[in-house]
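Printed here is query29.pdb (PDB, C-alpha atoms):
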```pdb
ATOM      1  CA  GLY F   1       0.000   0.000   0.000  1.00  0.00           C
ATOM      2  CA  ARG F   2       0.923   3.655  -0.137  1.00  0.00           C
ATOM      3  CA  ARG F   3       1.282   5.685   3.010  1.00  0.00           C
ATOM      4  CA  VAL F   4       1.195   9.427   3.558  1.00  0.00           C
ATOM      5  CA  PRO F   5       3.364  11.091   0.863  1.00  0.00           C
ATOM      6  CA  THR F   6       6.926  12.157   1.610  1.00  0.00           C
ATOM      7  CA  GLU F   7       7.952  15.816   1.705  1.00  0.00           C
ATOM      8  CA  ARG F   8       8.521  15.577  -2.065  1.00  0.00           C
ATOM      9  CA  GLY F   9       4.894  14.506  -2.485  1.00  0.00           C
ATOM     10  CA  GLU F  10       5.862  10.968  -3.490  1.00  0.00           C
ATOM     11  CA  PHE F  11       4.479   7.722  -2.086  1.00  0.00           C
ATOM     12  CA  ASP F  12       6.654   4.922  -0.821  1.00  0.00           C
ATOM     13  CA  ALA F  13       5.062   2.551  -3.334  1.00  0.00           C
ATOM     14  CA  ALA F  14       2.969   2.848  -6.479  1.00  0.00           C
ATOM     15  CA  PRO F  15       1.479  -0.100  -8.381  1.00  0.00           C
ATOM     16  CA  LYS F  16       2.064  -0.411 -12.094  1.00  0.00           C
ATOM     17  CA  VAL F  17      -1.078  -0.043 -14.175  1.00  0.00           C
ATOM     18  CA  SER F  18      -1.892  -1.391 -17.629  1.00  0.00           C
ATOM     19  CA  VAL F  19      -5.122  -1.421 -19.644  1.00  0.00           C
ATOM     20  CA  GLN F  20      -5.686  -3.765 -22.580  1.00  0.00           C
ATOM     21  CA  ARG F  21      -8.847  -3.070 -24.595  1.00  0.00           C
ATOM     22  CA  ASP F  22     -11.192  -5.260 -26.674  1.00  0.00           C
ATOM     23  CA  VAL F  23     -10.412  -8.476 -24.809  1.00  0.00           C
ATOM     24  CA  VAL F  24     -13.930  -9.990 -24.770  1.00  0.00           C
ATOM     25  CA  ALA F  25     -15.457 -11.045 -28.088  1.00  0.00           C
ATOM     26  CA  GLY F  26     -18.986  -9.755 -28.670  1.00  0.00           C
ATOM     27  CA  ALA F  27     -18.813  -7.052 -26.003  1.00  0.00           C
ATOM     28  CA  LEU F  28     -19.465  -3.417 -26.895  1.00  0.00           C
ATOM     29  CA  ALA F  29     -16.420  -2.486 -24.850  1.00  0.00           C
ATOM     30  CA  SER F  30     -14.066  -4.507 -22.692  1.00  0.00           C
ATOM     31  CA  VAL F  31     -10.785  -4.139 -20.840  1.00  0.00           C
ATOM     32  CA  ALA F  32      -8.280  -6.244 -18.986  1.00  0.00           C
ATOM     33  CA  PHE F  33      -7.222  -3.961 -16.156  1.00  0.00           C
ATOM     34  CA  ARG F  34      -4.018  -4.756 -14.245  1.00  0.00           C
ATOM     35  CA  TRP F  35      -3.242  -2.804 -11.100  1.00  0.00           C
ATOM     36  CA  GLY F  36      -0.025  -4.096  -9.592  1.00  0.00           C
ATOM     37  CA  THR F  37      -0.684  -7.809  -9.110  1.00  0.00           C
ATOM     38  CA  SER F  38      -4.479  -7.396  -9.154  1.00  0.00           C
ATOM     39  CA  VAL F  39      -6.333  -8.058 -12.417  1.00  0.00           C
ATOM     40  CA  ALA F  40      -9.968  -7.574 -13.425  1.00  0.00           C
ATOM     41  CA  ILE F  41     -11.747  -7.975 -16.747  1.00  0.00           C
ATOM     42  CA  ALA F  42     -14.686  -5.645 -17.393  1.00  0.00           C
ATOM     43  CA  ALA F  43     -17.060  -6.111 -20.333  1.00  0.00           C
ATOM     44  CA  VAL F  44     -20.075  -4.033 -21.401  1.00  0.00           C
ATOM     45  CA  THR F  45     -23.034  -5.581 -23.245  1.00  0.00           C
ATOM     46  CA  ALA F  46     -26.511  -4.254 -24.098  1.00  0.00           C
ATOM     47  CA  GLN F  47     -30.007  -5.554 -24.709  1.00  0.00           C
ATOM     48  CA  VAL F  48     -33.412  -3.989 -25.317  1.00  0.00           C
ATOM     49  CA  GLY F  49     -35.992  -4.006 -22.561  1.00  0.00           C
ATOM     50  CA  PRO F  50     -38.685  -1.888 -20.887  1.00  0.00           C
ATOM     51  CA  PRO F  51     -37.546   1.338 -19.184  1.00  0.00           C
ATOM     52  CA  PRO F  52     -37.809   1.796 -15.426  1.00  0.00           C
ATOM     53  CA  LYS F  53     -41.290   2.841 -14.302  1.00  0.00           C
ATOM     54  CA  ASP F  54     -39.882   5.784 -12.372  1.00  0.00           C
ATOM     55  CA  ALA F  55     -37.705   6.918 -15.311  1.00  0.00           C
ATOM     56  CA  PRO F  56     -39.616   6.126 -18.542  1.00  0.00           C
ATOM     57  CA  ALA F  57     -37.262   8.212 -20.698  1.00  0.00           C
ATOM     58  CA  GLU F  58     -34.074   6.536 -19.516  1.00  0.00           C
ATOM     59  CA  GLY F  59     -32.224   3.275 -19.981  1.00  0.00           C
ATOM     60  CA  THR F  60     -30.573   1.176 -17.296  1.00  0.00           C
ATOM     61  CA  VAL F  61     -27.055   0.239 -16.218  1.00  0.00           C
ATOM     62  CA  GLU F  62     -26.494  -2.955 -14.235  1.00  0.00           C
ATOM     63  CA  PHE F  63     -23.296  -4.185 -12.599  1.00  0.00           C
ATOM     64  CA  CYS F  64     -22.345  -7.780 -11.918  1.00  0.00           C
ATOM     65  CA  VAL F  65     -19.159  -8.751 -10.079  1.00  0.00           C
ATOM     66  CA  THR F  66     -17.737 -12.278  -9.975  1.00  0.00           C
ATOM     67  CA  THR F  67     -14.461 -13.751  -8.757  1.00  0.00           C
ATOM     68  CA  SER F  68     -12.394 -16.292 -10.647  1.00  0.00           C
ATOM     69  CA  SER F  69     -11.223 -19.384  -8.805  1.00  0.00           C
ATOM     70  CA  LEU F  70      -7.740 -18.246  -9.829  1.00  0.00           C
ATOM     71  CA  ALA F  71      -8.096 -15.251  -7.516  1.00  0.00           C
ATOM     72  CA  GLU F  72      -8.454 -17.469  -4.457  1.00  0.00           C
ATOM     73  CA  PRO F  73      -9.039 -21.201  -3.856  1.00  0.00           C
ATOM     74  CA  VAL F  74     -12.710 -22.185  -3.794  1.00  0.00           C
ATOM     75  CA  THR F  75     -13.884 -23.818  -0.575  1.00  0.00           C
ATOM     76  CA  PRO F  76     -17.399 -23.800   0.946  1.00  0.00           C
ATOM     77  CA  ALA F  77     -16.352 -20.942   3.243  1.00  0.00           C
ATOM     78  CA  SER F  78     -14.565 -18.925   0.557  1.00  0.00           C
ATOM     79  CA  ARG F  79     -17.446 -19.445  -1.890  1.00  0.00           C
ATOM     80  CA  GLU F  80     -19.861 -17.803   0.546  1.00  0.00           C
ATOM     81  CA  SER F  81     -17.333 -15.029   1.163  1.00  0.00           C
ATOM     82  CA  GLN F  82     -16.942 -14.486  -2.589  1.00  0.00           C
ATOM     83  CA  LEU F  83     -20.704 -14.318  -3.136  1.00  0.00           C
ATOM     84  CA  THR F  84     -21.127 -11.794  -0.336  1.00  0.00           C
ATOM     85  CA  ARG F  85     -18.231  -9.693  -1.614  1.00  0.00           C
ATOM     86  CA  SER F  86     -19.585  -9.826  -5.160  1.00  0.00           C
ATOM     87  CA  ARG F  87     -23.039  -8.628  -4.089  1.00  0.00           C
ATOM     88  CA  VAL F  88     -21.639  -5.846  -1.911  1.00  0.00           C
ATOM     89  CA  THR F  89     -19.172  -4.726  -4.586  1.00  0.00           C
ATOM     90  CA  GLY F  90     -21.878  -4.795  -7.264  1.00  0.00           C
ATOM     91  CA  ARG F  91     -24.098  -2.530  -5.160  1.00  0.00           C
ATOM     92  CA  PHE F  92     -21.159  -0.213  -4.522  1.00  0.00           C
ATOM     93  CA  LEU F  93     -20.471   0.085  -8.259  1.00  0.00           C
ATOM     94  CA  ALA F  94     -24.141   0.806  -8.969  1.00  0.00           C
ATOM     95  CA  SER F  95     -24.150   3.657  -6.439  1.00  0.00           C
ATOM     96  CA  VAL F  96     -20.813   5.071  -7.602  1.00  0.00           C
ATOM     97  CA  PHE F  97     -21.795   5.143 -11.299  1.00  0.00           C
ATOM     98  CA  ALA F  98     -25.455   6.088 -10.742  1.00  0.00           C
ATOM     99  CA  ASP F  99     -25.008   9.658 -11.995  1.00  0.00           C
ATOM    100  CA  ALA F 100     -21.900   9.120 -14.120  1.00  0.00           C
ATOM    101  CA  VAL F 101     -23.757   7.709 -17.142  1.00  0.00           C
ATOM    102  CA  ASP F 102     -26.329   9.782 -19.052  1.00  0.00           C
ATOM    103  CA  LYS F 103     -29.103   7.186 -19.105  1.00  0.00           C
ATOM    104  CA  SER F 104     -31.313   9.363 -21.283  1.00  0.00           C
ATOM    105  CA  ARG F 105     -29.079   8.444 -24.236  1.00  0.00           C
ATOM    106  CA  LEU F 106     -30.147   4.828 -23.725  1.00  0.00           C
ATOM    107  CA  CYS F 107     -33.823   5.616 -24.317  1.00  0.00           C
ATOM    108  CA  ILE F 108     -35.253   4.145 -27.549  1.00  0.00           C
ATOM    109  CA  ARG F 109     -38.909   5.085 -27.100  1.00  0.00           C
ATOM    110  CA  ALA F 110     -40.041   6.774 -23.887  1.00  0.00           C
ATOM    111  CA  GLY F 111     -42.201   4.516 -21.774  1.00  0.00           C
ATOM    112  CA  GLU F 112     -41.806   1.578 -24.162  1.00  0.00           C
ATOM    113  CA  ALA F 113     -38.245   0.510 -24.881  1.00  0.00           C
ATOM    114  CA  CYS F 114     -34.696   1.302 -23.843  1.00  0.00           C
ATOM    115  CA  TRP F 115     -31.210  -0.099 -23.935  1.00  0.00           C
ATOM    116  CA  GLY F 116     -30.033  -1.810 -20.792  1.00  0.00           C
ATOM    117  CA  LEU F 117     -26.279  -1.856 -20.317  1.00  0.00           C
ATOM    118  CA  LYS F 118     -24.724  -4.645 -18.293  1.00  0.00           C
ATOM    119  CA  VAL F 119     -21.208  -4.256 -16.955  1.00  0.00           C
ATOM    120  CA  ASP F 120     -19.683  -7.588 -15.966  1.00  0.00           C
ATOM    121  CA  VAL F 121     -16.544  -7.294 -13.863  1.00  0.00           C
ATOM    122  CA  ARG F 122     -14.605 -10.474 -13.185  1.00  0.00           C
ATOM    123  CA  ILE F 123     -11.803 -10.419 -10.639  1.00  0.00           C
ATOM    124  CA  MET F 124      -9.005 -12.622 -11.947  1.00  0.00           C
ATOM    125  CA  GLU F 125      -6.356 -11.847  -9.318  1.00  0.00           C
ATOM    126  CA  LEU F 126      -6.786  -9.806  -6.162  1.00  0.00           C
ATOM    127  CA  ASP F 127      -4.205  -8.333  -3.822  1.00  0.00           C
ATOM    128  CA  GLY F 128      -6.139  -5.594  -2.048  1.00  0.00           C
ATOM    129  CA  ASP F 129      -9.637  -4.139  -1.956  1.00  0.00           C
ATOM    130  CA  ALA F 130     -12.069  -5.561  -4.519  1.00  0.00           C
ATOM    131  CA  ALA F 131     -14.189  -2.410  -4.784  1.00  0.00           C
ATOM    132  CA  GLU F 132     -11.181  -0.222  -5.558  1.00  0.00           C
ATOM    133  CA  LEU F 133     -10.092  -2.538  -8.372  1.00  0.00           C
ATOM    134  CA  CYS F 134     -13.589  -2.989  -9.802  1.00  0.00           C
ATOM    135  CA  VAL F 135     -14.376   0.735  -9.935  1.00  0.00           C
ATOM    136  CA  ALA F 136     -11.176   1.352 -11.892  1.00  0.00           C
ATOM    137  CA  ALA F 137     -11.884  -1.501 -14.323  1.00  0.00           C
ATOM    138  CA  ALA F 138     -15.529  -0.483 -14.843  1.00  0.00           C
ATOM    139  CA  ALA F 139     -14.554   3.155 -15.431  1.00  0.00           C
ATOM    140  CA  ALA F 140     -12.029   2.093 -18.060  1.00  0.00           C
ATOM    141  CA  ALA F 141     -14.636  -0.050 -19.848  1.00  0.00           C
ATOM    142  CA  LEU F 142     -17.329   2.648 -19.702  1.00  0.00           C
ATOM    143  CA  GLN F 143     -15.049   5.433 -20.892  1.00  0.00           C
ATOM    144  CA  ARG F 144     -16.739   5.298 -24.289  1.00  0.00           C
ATOM    145  CA  VAL F 145     -19.375   2.771 -25.360  1.00  0.00           C
ATOM    146  CA  ALA F 146     -21.068   2.766 -28.772  1.00  0.00           C
ATOM    147  CA  VAL F 147     -24.375   0.867 -28.882  1.00  0.00           C
ATOM    148  CA  PRO F 148     -24.893   0.066 -32.583  1.00  0.00           C
ATOM    149  CA  ALA F 149     -28.133   0.633 -34.478  1.00  0.00           C
ATOM    150  CA  ALA F 150     -30.391  -2.428 -34.282  1.00  0.00           C
ATOM    151  CA  THR F 151     -33.842  -3.724 -35.226  1.00  0.00           C
ATOM    152  CA  ILE F 152     -36.025  -4.376 -32.182  1.00  0.00           C
ATOM    153  CA  VAL F 153     -38.951  -6.759 -31.715  1.00  0.00           C
ATOM    154  CA  ASP F 154     -41.618  -4.583 -33.345  1.00  0.00           C
ATOM    155  CA  GLY F 155     -39.476  -4.222 -36.467  1.00  0.00           C
ATOM    156  CA  SER F 156     -38.462  -0.608 -35.939  1.00  0.00           C
ATOM    157  CA  GLU F 157     -34.816   0.426 -36.104  1.00  0.00           C
ATOM    158  CA  THR F 158     -32.869   2.163 -33.356  1.00  0.00           C
ATOM    159  CA  ASP F 159     -30.212   4.821 -33.794  1.00  0.00           C
ATOM    160  CA  GLU F 160     -26.641   4.331 -32.703  1.00  0.00           C
ATOM    161  CA  ALA F 161     -26.125   5.546 -29.143  1.00  0.00           C
ATOM    162  CA  VAL F 162     -22.699   6.701 -28.012  1.00  0.00           C
ATOM    163  CA  ILE F 163     -22.350   6.673 -24.246  1.00  0.00           C
ATOM    164  CA  ALA F 164     -19.524   8.448 -22.452  1.00  0.00           C
ATOM    165  CA  LEU F 165     -18.970   9.011 -18.757  1.00  0.00           C
ATOM    166  CA  GLY F 166     -20.020  12.463 -17.630  1.00  0.00           C
ATOM    167  CA  ARG F 167     -17.484  12.068 -14.871  1.00  0.00           C
ATOM    168  CA  ARG F 168     -14.991   9.318 -14.187  1.00  0.00           C
ATOM    169  CA  PRO F 169     -15.286   7.890 -10.673  1.00  0.00           C
ATOM    170  CA  ALA F 170     -12.030   6.859  -9.038  1.00  0.00           C
ATOM    171  CA  ALA F 171     -12.105   4.899  -5.791  1.00  0.00           C
ATOM    172  CA  VAL F 172      -9.287   4.656  -3.270  1.00  0.00           C
ATOM    173  CA  CYS F 173      -9.353   2.319  -0.303  1.00  0.00           C
ATOM    174  CA  VAL F 174      -7.722   3.894   2.767  1.00  0.00           C
ATOM    175  CA  GLY F 175      -6.941   1.602   5.673  1.00  0.00           C
ATOM    176  CA  LEU F 176      -6.729   2.708   9.310  1.00  0.00           C
ATOM    177  CA  GLY F 177      -4.338   0.704  11.457  1.00  0.00           C
ATOM    178  CA  PRO F 178      -4.494   0.230  15.242  1.00  0.00           C
ATOM    179  CA  ASP F 179      -1.652   2.749  15.575  1.00  0.00           C
ATOM    180  CA  GLY F 180      -3.652   5.366  13.685  1.00  0.00           C
ATOM    181  CA  ALA F 181      -1.529   5.139  10.534  1.00  0.00           C
ATOM    182  CA  LEU F 182      -3.298   5.504   7.185  1.00  0.00           C
ATOM    183  CA  VAL F 183      -2.455   3.274   4.232  1.00  0.00           C
ATOM    184  CA  ALA F 184      -3.812   3.869   0.729  1.00  0.00           C
ATOM    185  CA  SER F 185      -4.610   0.816  -1.403  1.00  0.00           C
ATOM    186  CA  PRO F 186      -3.543  -1.766   1.211  1.00  0.00           C
ATOM    187  CA  ASN F 187      -2.623  -5.206  -0.102  1.00  0.00           C
ATOM    188  CA  ASN F 188      -3.916  -8.497   1.285  1.00  0.00           C
ATOM    189  CA  VAL F 189      -1.231  -8.762   3.962  1.00  0.00           C
ATOM    190  CA  GLU F 190      -1.764  -5.176   5.095  1.00  0.00           C
ATOM    191  CA  LEU F 191      -5.549  -5.656   5.208  1.00  0.00           C
ATOM    192  CA  LEU F 192      -5.062  -8.339   7.872  1.00  0.00           C
ATOM    193  CA  GLY F 193      -3.640  -5.740  10.229  1.00  0.00           C
ATOM    194  CA  ILE F 194      -6.132  -2.997   9.492  1.00  0.00           C
ATOM    195  CA  ASP F 195      -9.056  -2.290  11.813  1.00  0.00           C
ATOM    196  CA  ALA F 196     -11.139  -0.115   9.482  1.00  0.00           C
ATOM    197  CA  ILE F 197     -11.236   1.027   5.873  1.00  0.00           C
ATOM    198  CA  ALA F 198     -12.714   3.991   4.049  1.00  0.00           C
ATOM    199  CA  ARG F 199     -13.549   3.851   0.359  1.00  0.00           C
ATOM    200  CA  VAL F 200     -13.235   7.362  -1.003  1.00  0.00           C
ATOM    201  CA  VAL F 201     -14.612   8.133  -4.473  1.00  0.00           C
ATOM    202  CA  VAL F 202     -13.769  11.319  -6.353  1.00  0.00           C
ATOM    203  CA  ASP F 203     -13.941  12.478  -9.964  1.00  0.00           C
ATOM    204  CA  ALA F 204     -10.627  11.612 -11.625  1.00  0.00           C
ATOM    205  CA  ALA F 205     -11.015  14.603 -13.943  1.00  0.00           C
ATOM    206  CA  ASP F 206     -11.253  16.987 -10.982  1.00  0.00           C
ATOM    207  CA  PRO F 207     -10.243  15.285  -7.720  1.00  0.00           C
ATOM    208  CA  ASP F 208     -10.429  18.536  -5.752  1.00  0.00           C
ATOM    209  CA  ALA F 209     -14.096  19.088  -6.677  1.00  0.00           C
ATOM    210  CA  GLY F 210     -15.283  17.065  -3.692  1.00  0.00           C
ATOM    211  CA  VAL F 211     -16.126  13.546  -2.555  1.00  0.00           C
ATOM    212  CA  LEU F 212     -18.632  11.654  -4.711  1.00  0.00           C
ATOM    213  CA  ALA F 213     -19.025   8.800  -2.228  1.00  0.00           C
ATOM    214  CA  LEU F 214     -17.551   7.803   1.117  1.00  0.00           C
ATOM    215  CA  GLU F 215     -18.014   4.387   2.711  1.00  0.00           C
ATOM    216  CA  GLN F 216     -16.465   3.618   6.079  1.00  0.00           C
ATOM    217  CA  ILE F 217     -16.493   0.145   7.585  1.00  0.00           C
ATOM    218  CA  GLY F 218     -14.589  -1.718  10.283  1.00  0.00           C
ATOM    219  CA  ARG F 219     -14.080  -2.128  13.998  1.00  0.00           C
ATOM    220  CA  MET F 220     -12.698   1.347  14.696  1.00  0.00           C
ATOM    221  CA  PRO F 221     -14.772   4.554  14.525  1.00  0.00           C
ATOM    222  CA  TRP F 222     -13.659   7.299  12.158  1.00  0.00           C
ATOM    223  CA  SER F 223     -13.236  10.731  13.710  1.00  0.00           C
ATOM    224  CA  ALA F 224     -13.868  13.803  11.586  1.00  0.00           C
ATOM    225  CA  ASP F 225     -10.142  14.591  11.597  1.00  0.00           C
ATOM    226  CA  VAL F 226      -9.079  11.114  10.491  1.00  0.00           C
ATOM    227  CA  SER F 227     -11.813  11.040   7.833  1.00  0.00           C
ATOM    228  CA  ALA F 228     -10.545  14.345   6.446  1.00  0.00           C
ATOM    229  CA  LYS F 229      -6.986  12.975   6.323  1.00  0.00           C
ATOM    230  CA  ALA F 230      -8.227   9.836   4.540  1.00  0.00           C
ATOM    231  CA  VAL F 231      -9.940  11.968   1.899  1.00  0.00           C
ATOM    232  CA  GLU F 232      -6.805  14.098   1.501  1.00  0.00           C
ATOM    233  CA  LEU F 233      -4.702  10.967   1.023  1.00  0.00           C
ATOM    234  CA  ALA F 234      -7.159   9.521  -1.505  1.00  0.00           C
ATOM    235  CA  VAL F 235      -7.161  12.738  -3.551  1.00  0.00           C
ATOM    236  CA  ALA F 236      -3.352  12.738  -3.590  1.00  0.00           C
ATOM    237  CA  VAL F 237      -3.369   9.128  -4.822  1.00  0.00           C
ATOM    238  CA  VAL F 238      -5.812   9.896  -7.657  1.00  0.00           C
ATOM    239  CA  LYS F 239      -3.725  12.841  -8.793  1.00  0.00           C
ATOM    240  CA  GLN F 240      -0.659  10.616  -9.120  1.00  0.00           C
ATOM    241  CA  GLN F 241      -2.313   7.638 -10.821  1.00  0.00           C
ATOM    242  CA  ALA F 242      -1.866   7.591 -14.607  1.00  0.00           C
ATOM    243  CA  HIS F 243      -4.870   5.319 -15.217  1.00  0.00           C
ATOM    244  CA  PHE F 244      -7.198   7.885 -13.654  1.00  0.00           C
ATOM    245  CA  GLU F 245      -6.372  10.448 -16.335  1.00  0.00           C
TER     246      GLU F 245
END
```
Just give me the structure as C-alpha cells.
Amino acid sequence: GRRVPTERGEFDAAPKVSVQRDVVAGALASVAFRWGTSVAIAAVTAQVGPPPKDAPAEGTVEFCVTTSSLAEPVTPASRESQLTRSRVTGRFLASVFADAVDKSRLCIRAGEACWGLKVDVRIMELDGDAAELCVAAAAAALQRVAVPAATIVDGSETDEAVIALGRRPAAVCVGLGPDGALVASPNNVELLGIDAIARVVVDAADPDAGVLALEQIGRMPWSADVSAKAVELAVAVVKQQAHFE
C-alpha cells in the first residue's frame, strides 16, 4: 500500500497499471485492467428491454461482479465469502456510477423501450480491496461505449447511441491501522492488520471538486479529523495515478 506522501509529495510505493482493450469477443467495450498484481476484466453488453417505471425516458445500467477461482481457492467458506463480496461490490459500483452515465441516451422510445447496459466485472487476481479494483476496471470499460443501431422486436430500427462518462469515478481504499496510521490501497497482507477502511470516491477529472461517495467500515470509529486525512490521502493518490487520467 501507499502511506502518507513524503515531503517531495511521493508515495513509498505505487502499483504499475496497464489497460488492454477489446479483450472480450462480442462485447461493446471490454478491458483487462491490471493494477499491480491485481487483475480484473470488465465487459459491457446491451439488450433492449422496458424502461424503469420511475424513469420512462431513460435506460438502465447494471453491474455484476464475480471472482475467478484463480483469484483465491474455492472452498465452501470462501465461496460464501466471494458471493457476499460480489453482491456488496456490485451494489457499490451501482451507487458510484449512478449519476456518471447519461441514461437518457439509452432511451429508444419513452415509456416503451430502452437499452439496458450490463457491466460484468470479473476479478481474476486480487491483492487488495475488490471495490477499488472494480471501480477502476468499470470506469475504463465505460469510458466510451457505442451501442450500434439495431432492429427491435416490433421491427423498428434504433439509432446508434454513443455513451460516455459524464465524470470518471475513481475509488481509493484507505486503511486505518491500530496505531492510527493511514495506508492507501492496502494489499492483502496489510488488510489483515487494518481495523477499518474507508472507500473514497472522487472524480478523476477533478479530484479537488469534492467527494462523490464515502463508505467507512470496520471495527474502529472514524473521527472527523481522520476522515478528512483519509480523503486528503485519496485525492493525492488519484492525482498521481496515470490510469485515472
Do a neighbour search on Pro148 of chain F at 9 Å with all atoms listed in the file, toss out local chain neighbours closer than 2 positions, and write the hits as a count of residues only. 8
With all atoms listed in the file as the basis for distance, which of F:Ile194, F:Ala181, F:Leu212, F:Val174 is at the shortest distance from Val237 of chain F? F:Val174
Take the PyMOL selection byres ((chain F and resi 188) around 9), run it mentally on this structure, and tell me the resulting residues as a list in words. Leu126, Asp127, Gly128, Asp129, Pro186, Asn187, Val189, Glu190, Leu191 and Leu192 of chain F
Here's the selection I'm unsure about, the PyMOL selection byres ((chain F and resi 36) around 8); applied to the file above, which residues does it give, as a PDB file with C-alpha atoms, keeping the file's coordinate frame?
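So the final result, stored in part.pdb, reads:
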```pdb
ATOM      1  CA  PRO F  15       1.479  -0.100  -8.381  1.00  0.00           C
ATOM      2  CA  LYS F  16       2.064  -0.411 -12.094  1.00  0.00           C
ATOM      3  CA  VAL F  17      -1.078  -0.043 -14.175  1.00  0.00           C
ATOM      4  CA  ARG F  34      -4.018  -4.756 -14.245  1.00  0.00           C
ATOM      5  CA  TRP F  35      -3.242  -2.804 -11.100  1.00  0.00           C
ATOM      6  CA  THR F  37      -0.684  -7.809  -9.110  1.00  0.00           C
ATOM      7  CA  SER F  38      -4.479  -7.396  -9.154  1.00  0.00           C
ATOM      8  CA  VAL F  39      -6.333  -8.058 -12.417  1.00  0.00           C
TER       9      VAL F  39
END
```
Pick out the residues sitting within 7 Å of Trp115 of chain F, and hand them over as a PyMOL selection string; count all atoms listed in the file, and ignore anything fewer than 3 positions along from it in its own chain. chain F and resi 46-49+59-60+106-108
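Considering all atoms listed in the file, the residue among F:Glu112, F:Asp195, F:Asp203, F:Glu125 positioned nearest to Gly175 of chain F is F:Asp195.
Note that atom CA of Val19 of chain F and atom CA of Val31 of chain F are 6.4 Å apart.
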Please expand the PyMOL selection byres ((chain F and resi 202) around 12) into the concrete residues it hits in this file, giving the result as an MDAnalysis selection string. chainID F and resid 96:97 100 132 135:136 167:173 199:201 203:214 231:239 244
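Nearest residue to Arg109 of chain F, choosing from F:Ile152, F:Leu142, F:Leu176, F:Ala57 and counting only C-alpha atoms: F:Ala57.
Counting from atom CA of Ser185 of chain F, the distance to atom CA of Ala141 of chain F is 21.0 Å.
Distances from F:Pro56, F:Gly116, F:Gly193, F:Gly26 to Gly180 of chain F were compared using only C-alpha atoms, and the smallest one belongs to F:Gly193.
One distance worth recording is that between atom CA of Gln240 of chain F and atom CA of Thr89 of chain F, which is 24.5 Å.
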With distances taken over only C-alpha atoms, the candidate from F:Gln82, F:Thr151, F:Ser18, F:Gln241 nearest Ala40 of chain F is F:Ser18
Please return, as a VMD selection string, all polymer residues that have at least one atom within 9 Å of the point (-19.5, 2.2, -16.5); use all atoms listed in the file and the file's own coordinate frame. chain F and resid 44 61 to 63 93 to 94 97 100 to 101 117 to 119 135 137 to 145 164 to 165 168
With all atoms listed in the file as the atoms that count, which of F:Arg219, F:Arg105, F:Arg91, F:Lys229 lies nearest to Val147 of chain F? F:Arg105
Grab all the atoms of segment 219-236 of chain F that the file lists, wrap them in a box along x, y and z, add 5 Å per side, and give me centre plus edge lengths in Å (one decimal) as lines of an AutoDock Vina configuration file.
```
center_x = -9.1
center_y = 6.2
center_z = 5.6
size_x = 21.4
size_y = 26.7
size_z = 28.3
```
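Near Arg85 of chain F, within a cut-off of 10 Å and counting only C-alpha atoms, sit the residues Val65, Thr66, Thr67, Arg79, Glu80, Ser81, Gln82, Leu83, Arg87, Val88, Thr89, Gly90, Arg91, Ala130 and Ala131 of chain F, with same-chain residues fewer than 2 positions away left out.
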